[in-house]
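structure_5.pdb follows; it contains PDB, C-alpha atoms.
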ATOM      1  CA  MET A   1      22.746 -17.337  13.628  1.00  0.00           C
ATOM      2  CA  SER A   2      24.676 -14.895  11.473  1.00  0.00           C
ATOM      3  CA  VAL A   3      23.472 -11.924   9.439  1.00  0.00           C
ATOM      4  CA  LYS A   4      25.578 -10.089   6.854  1.00  0.00           C
ATOM      5  CA  VAL A   5      24.231  -6.753   5.561  1.00  0.00           C
ATOM      6  CA  LEU A   6      24.880  -6.614   1.827  1.00  0.00           C
ATOM      7  CA  HIS A   7      23.241  -3.223   1.265  1.00  0.00           C
ATOM      8  CA  ALA A   8      21.601  -0.637   3.500  1.00  0.00           C
ATOM      9  CA  GLY A   9      19.599   1.893   1.511  1.00  0.00           C
ATOM     10  CA  ARG A  10      17.209   4.729   2.232  1.00  0.00           C
ATOM     11  CA  VAL A  11      14.225   2.364   2.533  1.00  0.00           C
ATOM     12  CA  VAL A  12      15.396  -1.258   2.511  1.00  0.00           C
ATOM     13  CA  ARG A  13      18.240  -3.390   3.808  1.00  0.00           C
ATOM     14  CA  LEU A  14      19.428  -6.513   1.964  1.00  0.00           C
ATOM     15  CA  GLU A  15      20.791  -9.251   4.194  1.00  0.00           C
ATOM     16  CA  LEU A  16      22.378 -12.656   3.779  1.00  0.00           C
ATOM     17  CA  ALA A  17      21.337 -14.596   6.867  1.00  0.00           C
ATOM     18  CA  GLU A  18      21.696 -18.032   8.340  1.00  0.00           C
ATOM     19  CA  VAL A  19      18.364 -18.946   9.906  1.00  0.00           C
ATOM     20  CA  ARG A  20      17.153 -21.962  11.846  1.00  0.00           C
ATOM     21  CA  LEU A  21      14.041 -23.496  10.304  1.00  0.00           C
ATOM     22  CA  PRO A  22      11.211 -24.891  12.477  1.00  0.00           C
ATOM     23  CA  ASP A  23      12.456 -28.450  11.793  1.00  0.00           C
ATOM     24  CA  GLY A  24      15.928 -27.601  13.130  1.00  0.00           C
ATOM     25  CA  ARG A  25      17.769 -27.314   9.826  1.00  0.00           C
ATOM     26  CA  VAL A  26      19.867 -24.225   9.084  1.00  0.00           C
ATOM     27  CA  ALA A  27      19.355 -22.355   5.803  1.00  0.00           C
ATOM     28  CA  SER A  28      21.172 -19.486   4.146  1.00  0.00           C
ATOM     29  CA  VAL A  29      18.665 -16.943   2.847  1.00  0.00           C
ATOM     30  CA  GLU A  30      18.702 -13.574   1.162  1.00  0.00           C
ATOM     31  CA  ARG A  31      16.096 -11.286   2.675  1.00  0.00           C
ATOM     32  CA  ILE A  32      15.022  -7.707   2.386  1.00  0.00           C
ATOM     33  CA  ARG A  33      14.108  -5.837   5.545  1.00  0.00           C
ATOM     34  CA  HIS A  34      11.450  -3.164   4.966  1.00  0.00           C
ATOM     35  CA  PRO A  35       9.844  -0.824   7.522  1.00  0.00           C
ATOM     36  CA  GLY A  36       6.341  -1.595   6.251  1.00  0.00           C
ATOM     37  CA  GLY A  37       3.711   0.719   4.914  1.00  0.00           C
ATOM     38  CA  ALA A  38       0.090   1.786   4.848  1.00  0.00           C
ATOM     39  CA  ALA A  39      -2.491   1.924   2.043  1.00  0.00           C
ATOM     40  CA  VAL A  40      -5.862   3.659   1.999  1.00  0.00           C
ATOM     41  CA  ALA A  41      -9.132   2.816   0.277  1.00  0.00           C
ATOM     42  CA  ALA A  42     -10.639   6.317   0.370  1.00  0.00           C
ATOM     43  CA  VAL A  43     -14.329   6.030  -0.523  1.00  0.00           C
ATOM     44  CA  ASP A  44     -16.492   9.121  -1.052  1.00  0.00           C
ATOM     45  CA  GLU A  45     -20.205   9.539  -0.316  1.00  0.00           C
ATOM     46  CA  GLY A  46     -21.016   8.470  -3.894  1.00  0.00           C
ATOM     47  CA  GLY A  47     -19.303   5.088  -3.494  1.00  0.00           C
ATOM     48  CA  ARG A  48     -16.259   6.045  -5.562  1.00  0.00           C
ATOM     49  CA  VAL A  49     -12.742   5.058  -4.523  1.00  0.00           C
ATOM     50  CA  CYS A  50      -9.629   7.156  -5.085  1.00  0.00           C
ATOM     51  CA  LEU A  51      -7.066   5.399  -7.276  1.00  0.00           C
ATOM     52  CA  LEU A  52      -3.708   6.711  -8.378  1.00  0.00           C
ATOM     53  CA  ARG A  53      -2.216   5.978 -11.764  1.00  0.00           C
ATOM     54  CA  GLN A  54       1.447   5.994 -10.809  1.00  0.00           C
ATOM     55  CA  TRP A  55       4.671   5.518 -12.753  1.00  0.00           C
ATOM     56  CA  ARG A  56       6.754   2.778 -11.122  1.00  0.00           C
ATOM     57  CA  PRO A  57      10.394   2.897 -12.252  1.00  0.00           C
ATOM     58  CA  ALA A  58      11.121  -0.627 -10.947  1.00  0.00           C
ATOM     59  CA  LEU A  59       8.529  -1.999 -13.395  1.00  0.00           C
ATOM     60  CA  GLU A  60       9.032   0.746 -15.981  1.00  0.00           C
ATOM     61  CA  ALA A  61       5.256   0.931 -16.192  1.00  0.00           C
ATOM     62  CA  TRP A  62       2.158   2.770 -15.008  1.00  0.00           C
ATOM     63  CA  LEU A  63       0.293   1.028 -12.185  1.00  0.00           C
ATOM     64  CA  TRP A  64      -3.138   1.646 -10.667  1.00  0.00           C
ATOM     65  CA  GLU A  65      -2.819   1.867  -6.881  1.00  0.00           C
ATOM     66  CA  LEU A  66      -4.473   3.014  -3.699  1.00  0.00           C
ATOM     67  CA  PRO A  67      -2.743   5.962  -2.010  1.00  0.00           C
ATOM     68  CA  ALA A  68       0.044   4.340   0.004  1.00  0.00           C
ATOM     69  CA  GLY A  69       3.523   4.737   1.329  1.00  0.00           C
ATOM     70  CA  THR A  70       6.292   3.594   3.629  1.00  0.00           C
ATOM     71  CA  LEU A  71       6.193   4.031   7.391  1.00  0.00           C
ATOM     72  CA  GLU A  72       8.714   6.552   8.654  1.00  0.00           C
ATOM     73  CA  ALA A  73      10.892   5.647  11.666  1.00  0.00           C
ATOM     74  CA  GLY A  74       8.685   5.366  14.744  1.00  0.00           C
ATOM     75  CA  GLU A  75       5.519   6.236  12.809  1.00  0.00           C
ATOM     76  CA  ALA A  76       2.279   4.396  13.590  1.00  0.00           C
ATOM     77  CA  PRO A  77       0.546   2.790  10.577  1.00  0.00           C
ATOM     78  CA  LEU A  78      -2.576   4.986  10.891  1.00  0.00           C
ATOM     79  CA  ALA A  79      -0.427   8.129  11.006  1.00  0.00           C
ATOM     80  CA  ALA A  80       1.327   6.972   7.829  1.00  0.00           C
ATOM     81  CA  ALA A  81      -2.031   6.287   6.162  1.00  0.00           C
ATOM     82  CA  ARG A  82      -3.264   9.797   7.035  1.00  0.00           C
ATOM     83  CA  ARG A  83      -0.014  11.369   5.804  1.00  0.00           C
ATOM     84  CA  GLU A  84       0.026   9.457   2.525  1.00  0.00           C
ATOM     85  CA  LEU A  85      -3.637  10.177   1.767  1.00  0.00           C
ATOM     86  CA  ALA A  86      -2.994  13.906   2.172  1.00  0.00           C
ATOM     87  CA  GLU A  87       0.330  13.931   0.328  1.00  0.00           C
ATOM     88  CA  GLU A  88      -0.649  11.806  -2.658  1.00  0.00           C
ATOM     89  CA  ALA A  89      -4.391  12.329  -3.067  1.00  0.00           C
ATOM     90  CA  GLY A  90      -4.927  15.698  -1.372  1.00  0.00           C
ATOM     91  CA  LEU A  91      -7.513  14.220   0.998  1.00  0.00           C
ATOM     92  CA  GLU A  92      -8.297  14.016   4.700  1.00  0.00           C
ATOM     93  CA  ALA A  93     -10.844  11.650   6.209  1.00  0.00           C
ATOM     94  CA  ALA A  94     -13.142  12.016   9.206  1.00  0.00           C
ATOM     95  CA  ARG A  95     -13.594   8.250   9.664  1.00  0.00           C
ATOM     96  CA  TRP A  96     -10.952   5.518   9.566  1.00  0.00           C
ATOM     97  CA  GLU A  97     -11.359   1.752   9.825  1.00  0.00           C
ATOM     98  CA  PRO A  98      -8.528  -0.785   9.796  1.00  0.00           C
ATOM     99  CA  LEU A  99      -8.845  -3.459   7.109  1.00  0.00           C
ATOM    100  CA  GLY A 100      -6.041  -5.703   8.355  1.00  0.00           C
ATOM    101  CA  GLU A 101      -2.607  -6.345   6.961  1.00  0.00           C
ATOM    102  CA  ALA A 102      -1.187  -7.733   3.744  1.00  0.00           C
ATOM    103  CA  VAL A 103       2.245  -9.334   3.314  1.00  0.00           C
ATOM    104  CA  MET A 104       3.720  -8.290  -0.003  1.00  0.00           C
ATOM    105  CA  ALA A 105       6.552 -10.697  -0.940  1.00  0.00           C
ATOM    106  CA  PRO A 106       7.138 -13.199   1.899  1.00  0.00           C
ATOM    107  CA  GLY A 107       9.590 -15.280  -0.124  1.00  0.00           C
ATOM    108  CA  PHE A 108      12.286 -12.650   0.321  1.00  0.00           C
ATOM    109  CA  CYS A 109      10.900  -9.550   2.075  1.00  0.00           C
ATOM    110  CA  ASP A 110       9.315  -8.806   5.469  1.00  0.00           C
ATOM    111  CA  GLU A 111       7.218  -5.843   4.214  1.00  0.00           C
ATOM    112  CA  VAL A 112       3.749  -5.654   5.781  1.00  0.00           C
ATOM    113  CA  ILE A 113       1.170  -3.170   4.486  1.00  0.00           C
ATOM    114  CA  HIS A 114      -1.512  -1.935   6.891  1.00  0.00           C
ATOM    115  CA  LEU A 115      -4.791  -1.388   5.031  1.00  0.00           C
ATOM    116  CA  TYR A 116      -7.424   1.226   5.918  1.00  0.00           C
ATOM    117  CA  LEU A 117     -10.850   2.360   4.799  1.00  0.00           C
ATOM    118  CA  ALA A 118     -11.214   6.151   4.905  1.00  0.00           C
ATOM    119  CA  GLN A 119     -14.555   7.971   4.641  1.00  0.00           C
ATOM    120  CA  GLY A 120     -15.893  11.447   5.268  1.00  0.00           C
ATOM    121  CA  LEU A 121     -13.398  12.912   2.822  1.00  0.00           C
ATOM    122  CA  ARG A 122     -12.393  16.527   2.304  1.00  0.00           C
ATOM    123  CA  ARG A 123      -9.778  18.051   0.046  1.00  0.00           C
ATOM    124  CA  VAL A 124      -6.426  19.387   1.313  1.00  0.00           C
ATOM    125  CA  PRO A 125      -3.324  20.586  -0.582  1.00  0.00           C
ATOM    126  CA  LEU A 126      -1.195  17.931  -2.302  1.00  0.00           C
ATOM    127  CA  GLN A 127       2.354  17.511  -0.972  1.00  0.00           C
ATOM    128  CA  ARG A 128       3.934  14.949  -3.285  1.00  0.00           C
ATOM    129  CA  ASP A 129       7.587  14.013  -3.247  1.00  0.00           C
ATOM    130  CA  PRO A 130       9.452  15.449  -6.249  1.00  0.00           C
ATOM    131  CA  HIS A 131      10.188  11.984  -7.681  1.00  0.00           C
ATOM    132  CA  GLU A 132       6.539  10.877  -7.684  1.00  0.00           C
ATOM    133  CA  LEU A 133       4.642  10.889 -10.975  1.00  0.00           C
ATOM    134  CA  MET A 134       0.953  10.136 -10.534  1.00  0.00           C
ATOM    135  CA  GLU A 135      -2.589  11.068 -11.513  1.00  0.00           C
ATOM    136  CA  ILE A 136      -5.660  11.036  -9.257  1.00  0.00           C
ATOM    137  CA  HIS A 137      -8.712   9.158 -10.525  1.00  0.00           C
ATOM    138  CA  TRP A 138     -12.073   8.206  -8.995  1.00  0.00           C
ATOM    139  CA  LEU A 139     -13.733   4.914  -9.851  1.00  0.00           C
ATOM    140  CA  ASP A 140     -16.908   3.291  -8.590  1.00  0.00           C
ATOM    141  CA  LEU A 141     -15.817   0.909  -5.803  1.00  0.00           C
ATOM    142  CA  GLU A 142     -17.818  -1.989  -7.256  1.00  0.00           C
ATOM    143  CA  GLU A 143     -16.164  -1.484 -10.651  1.00  0.00           C
ATOM    144  CA  ALA A 144     -12.708  -1.233  -9.067  1.00  0.00           C
ATOM    145  CA  ALA A 145     -13.334  -4.450  -7.107  1.00  0.00           C
ATOM    146  CA  ARG A 146     -14.508  -6.179 -10.298  1.00  0.00           C
ATOM    147  CA  GLN A 147     -11.307  -5.107 -12.061  1.00  0.00           C
ATOM    148  CA  ALA A 148      -9.250  -6.351  -9.107  1.00  0.00           C
ATOM    149  CA  LEU A 149     -10.947  -9.761  -9.258  1.00  0.00           C
ATOM    150  CA  GLU A 150     -10.606 -10.031 -13.045  1.00  0.00           C
ATOM    151  CA  GLY A 151      -6.912  -9.035 -13.153  1.00  0.00           C
ATOM    152  CA  GLY A 152      -7.290  -5.515 -14.517  1.00  0.00           C
ATOM    153  CA  LEU A 153      -5.671  -4.152 -11.362  1.00  0.00           C
ATOM    154  CA  THR A 154      -2.518  -6.027 -10.385  1.00  0.00           C
ATOM    155  CA  ASP A 155      -0.949  -4.202  -7.437  1.00  0.00           C
ATOM    156  CA  ALA A 156      -1.335  -6.598  -4.490  1.00  0.00           C
ATOM    157  CA  LYS A 157      -2.018  -4.010  -1.769  1.00  0.00           C
ATOM    158  CA  THR A 158      -4.606  -2.362  -4.003  1.00  0.00           C
ATOM    159  CA  VAL A 159      -6.378  -5.626  -4.784  1.00  0.00           C
ATOM    160  CA  ALA A 160      -6.507  -6.562  -1.083  1.00  0.00           C
ATOM    161  CA  GLY A 161      -7.542  -3.072   0.013  1.00  0.00           C
ATOM    162  CA  LEU A 162     -10.314  -2.730  -2.561  1.00  0.00           C
ATOM    163  CA  LEU A 163     -11.834  -6.134  -1.860  1.00  0.00           C
ATOM    164  CA  ARG A 164     -11.689  -5.687   1.896  1.00  0.00           C
ATOM    165  CA  ALA A 165     -13.156  -2.162   1.685  1.00  0.00           C
ATOM    166  CA  ARG A 166     -15.991  -3.381  -0.545  1.00  0.00           C
ATOM    167  CA  ASP A 167     -16.696  -6.250   1.846  1.00  0.00           C
ATOM    168  CA  ARG A 168     -16.655  -3.968   4.896  1.00  0.00           C
ATOM    169  CA  LEU A 169     -19.048  -1.493   3.271  1.00  0.00           C
ATOM    170  CA  ARG A 170     -21.382  -4.267   2.084  1.00  0.00           C
ATOM    171  CA  ARG A 171     -21.539  -5.722   5.607  1.00  0.00           C
ATOM    172  CA  ALA A 172     -22.227  -2.244   7.012  1.00  0.00           C
ATOM    173  CA  GLY A 173     -25.061  -1.786   4.515  1.00  0.00           C
ATOM    174  CA  ALA A 174     -23.445   1.241   2.908  1.00  0.00           C
TER     175      ALA A 174
END

Show me this structure written as C-alpha cells.
Amino acid sequence: MSVKVLHAGRVVRLELAEVRLPDGRVASVERIRHPGGAAVAAVDEGGRVCLLRQWRPALEAWLWELPAGTLEAGEAPLAAARRELAEEAGLEAARWEPLGEAVMAPGFCDEVIHLYLAQGLRRVPLQRDPHELMEIHWLDLEEAARQALEGGLTDAKTVAGLLRARDRLRRAGA
C-alpha cells in the first residue's frame, strides 16, 4: 500500500495512506504518526498528586494535566517519565509503577501514552523548555479523581492516569 508524507515536523508526521482493512477493502486515510509519550501521577506521602496548570496553544486555553511529555528518539517510556517529572515538576521519585497505556486519538493518530505512578518524591531543579508556560499545584488524589470523573479535568491522559493511580493505591491499601 502507498504512503505519502504531507508534512514532517519536529514531533509529528502527517501521512496520506492507502491501507488494507481487515475485511480486505482498501481505504485512503489521513493519519498522524507520533513517537508516543509518558505521563506521571506523582503522589506524595500525604496522598496529594502533582498537577500542572499548563497553557496549551492548540486549544488557546489553560489545561490541568499530569507531568508528561513526548518520547525522544530511542528513549524508553520510563526514562521519558523520569525526565518529564524532573523537568516540569522539579521532582524525582524513588518508586515507579507502570499504570498501562492510553491511546489518545485513534481515529487519526497513533500516539500512545505510557502512564506511571511515582512515589517517594524529592525535589530537584526545574528544567522547563522555554516555550512551556505552567504552574505546579498539589491536589488531594481523591479530589482530583472526583474531578476527573465529573468532567472538571478533561485531559485524557490525566483522567486515565489519575483514576488508575487511585485504583492502584486503593488496592495496595495506601

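Distances to Pro57 of chain A were evaluated for A:Trp138, A:Glu132, A:Ala80, A:Glu143 using all atoms listed in the file, and the minimum falls at A:Glu132.
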
Taking the file above as input, evaluate the PyMOL selection byres ((chain A and resi 169) around 12) and report the hits as a compact mmCIF listing (two decimals) with C-alpha atoms, keeping the file's coordinate frame.
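Once written, part.txt looks like this:
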# COMPACT_ATOMS: atom_id res chain seq x y z
CA ALA A 41 -9.13 2.82 0.28
CA ALA A 42 -10.64 6.32 0.37
CA VAL A 43 -14.33 6.03 -0.52
CA ASP A 44 -16.49 9.12 -1.05
CA GLU A 45 -20.20 9.54 -0.32
CA GLY A 47 -19.30 5.09 -3.49
CA ARG A 48 -16.26 6.04 -5.56
CA VAL A 49 -12.74 5.06 -4.52
CA GLU A 97 -11.36 1.75 9.82
CA LEU A 99 -8.85 -3.46 7.11
CA LEU A 117 -10.85 2.36 4.80
CA ALA A 118 -11.21 6.15 4.90
CA GLN A 119 -14.56 7.97 4.64
CA LEU A 141 -15.82 0.91 -5.80
CA GLU A 142 -17.82 -1.99 -7.26
CA LEU A 162 -10.31 -2.73 -2.56
CA LEU A 163 -11.83 -6.13 -1.86
CA ARG A 164 -11.69 -5.69 1.90
CA ALA A 165 -13.16 -2.16 1.68
CA ARG A 166 -15.99 -3.38 -0.55
CA ASP A 167 -16.70 -6.25 1.85
CA ARG A 168 -16.66 -3.97 4.90
CA ARG A 170 -21.38 -4.27 2.08
CA ARG A 171 -21.54 -5.72 5.61
CA ALA A 172 -22.23 -2.24 7.01
CA GLY A 173 -25.06 -1.79 4.51
CA ALA A 174 -23.44 1.24 2.91

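The coordinates place atom CA of His137 of chain A at 26.4 Å from atom CA of Glu111 of chain A.
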
- Task: Quick one: pull the distance between atom CA of Leu91 of chain A and atom CA of Val124 of chain A, Å, one decimal.
- Result: 5.3 Å

- Query: Where does the PyMOL selection byres ((chain A and resi 12-17) around 8) land in this file, that is, which residues does it pick, as a count of residues only?
  - Reply: 21

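Relative to atom CA of Gly37 of chain A, atom CA of Leu85 of chain A is found at 12.4 Å.
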
- Query: Contacts of Leu126 of chain A at 7 Å or less, counting all atoms listed in the file, minus same-chain residues fewer than 4 places along, as a PyMOL selection string?
  - Reply: chain A and resi 86-90

- Message: If the PyMOL selection byres ((chain A and resi 93) around 6) were run on this exact file, what residues would it hold? Put them as JSON, numbers by chain.
- Response: {"A": [92, 94, 95, 118, 119, 120, 121]}

May I have the centre and edge lengths, in Å to one decimal, of an axis-aligned box around the listed atoms of segment 102-118 of chain A with 6 Å added to every side, as JSON?
{"center_x": 0.5, "center_y": -4.6, "center_z": 3.0, "size_x": 35.5, "size_y": 33.4, "size_z": 19.8}

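Residues in contact range of Gly100 of chain A, defined as at most 9 Å between all atoms listed in the file, with sequence neighbours fewer than 4 positions away removed, read A:Ile113, A:His114, A:Leu115, A:Tyr116, A:Gly161, A:Arg164.
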
- Identify the residues within 9 Å of coordinate (8.9, 3.0, 10.7) (same frame as the file), considering all atoms listed in the file, and give the answer as an MDAnalysis selection string. chainID A and resid 34:37 70:77

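For the set A:Arg122, A:Arg128, A:Val159, A:Met134, the residue with the smallest atom-to-atom gap to Arg146 of chain A is A:Val159, counting only C-alpha atoms.
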
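Distance check against Arg83 of chain A using all atoms listed in the file: of A:Pro22, A:Pro106, A:Pro125, A:Pro98, the minimum falls on A:Pro125.
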
Shell around Leu52 of chain A at 8 Å using all atoms listed in the file, local window under 2 positions removed, as a PDB file with C-alpha atoms, in the coordinates of the input:
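Wrote result-v9.pdb, looks like this:
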ATOM      1  CA  CYS A  50      -9.629   7.156  -5.085  1.00  0.00           C
ATOM      2  CA  GLN A  54       1.447   5.994 -10.809  1.00  0.00           C
ATOM      3  CA  LEU A  63       0.293   1.028 -12.185  1.00  0.00           C
ATOM      4  CA  TRP A  64      -3.138   1.646 -10.667  1.00  0.00           C
ATOM      5  CA  GLU A  65      -2.819   1.867  -6.881  1.00  0.00           C
ATOM      6  CA  LEU A  66      -4.473   3.014  -3.699  1.00  0.00           C
ATOM      7  CA  PRO A  67      -2.743   5.962  -2.010  1.00  0.00           C
ATOM      8  CA  ALA A  89      -4.391  12.329  -3.067  1.00  0.00           C
ATOM      9  CA  MET A 134       0.953  10.136 -10.534  1.00  0.00           C
ATOM     10  CA  GLU A 135      -2.589  11.068 -11.513  1.00  0.00           C
ATOM     11  CA  ILE A 136      -5.660  11.036  -9.257  1.00  0.00           C
ATOM     12  CA  HIS A 137      -8.712   9.158 -10.525  1.00  0.00           C
TER      13      HIS A 137
END

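Closest approach to Gln127 of chain A from the set A:Trp96, A:Ala144, A:Lys157, A:Glu84 is made by A:Glu84, with distances taken over all atoms listed in the file.
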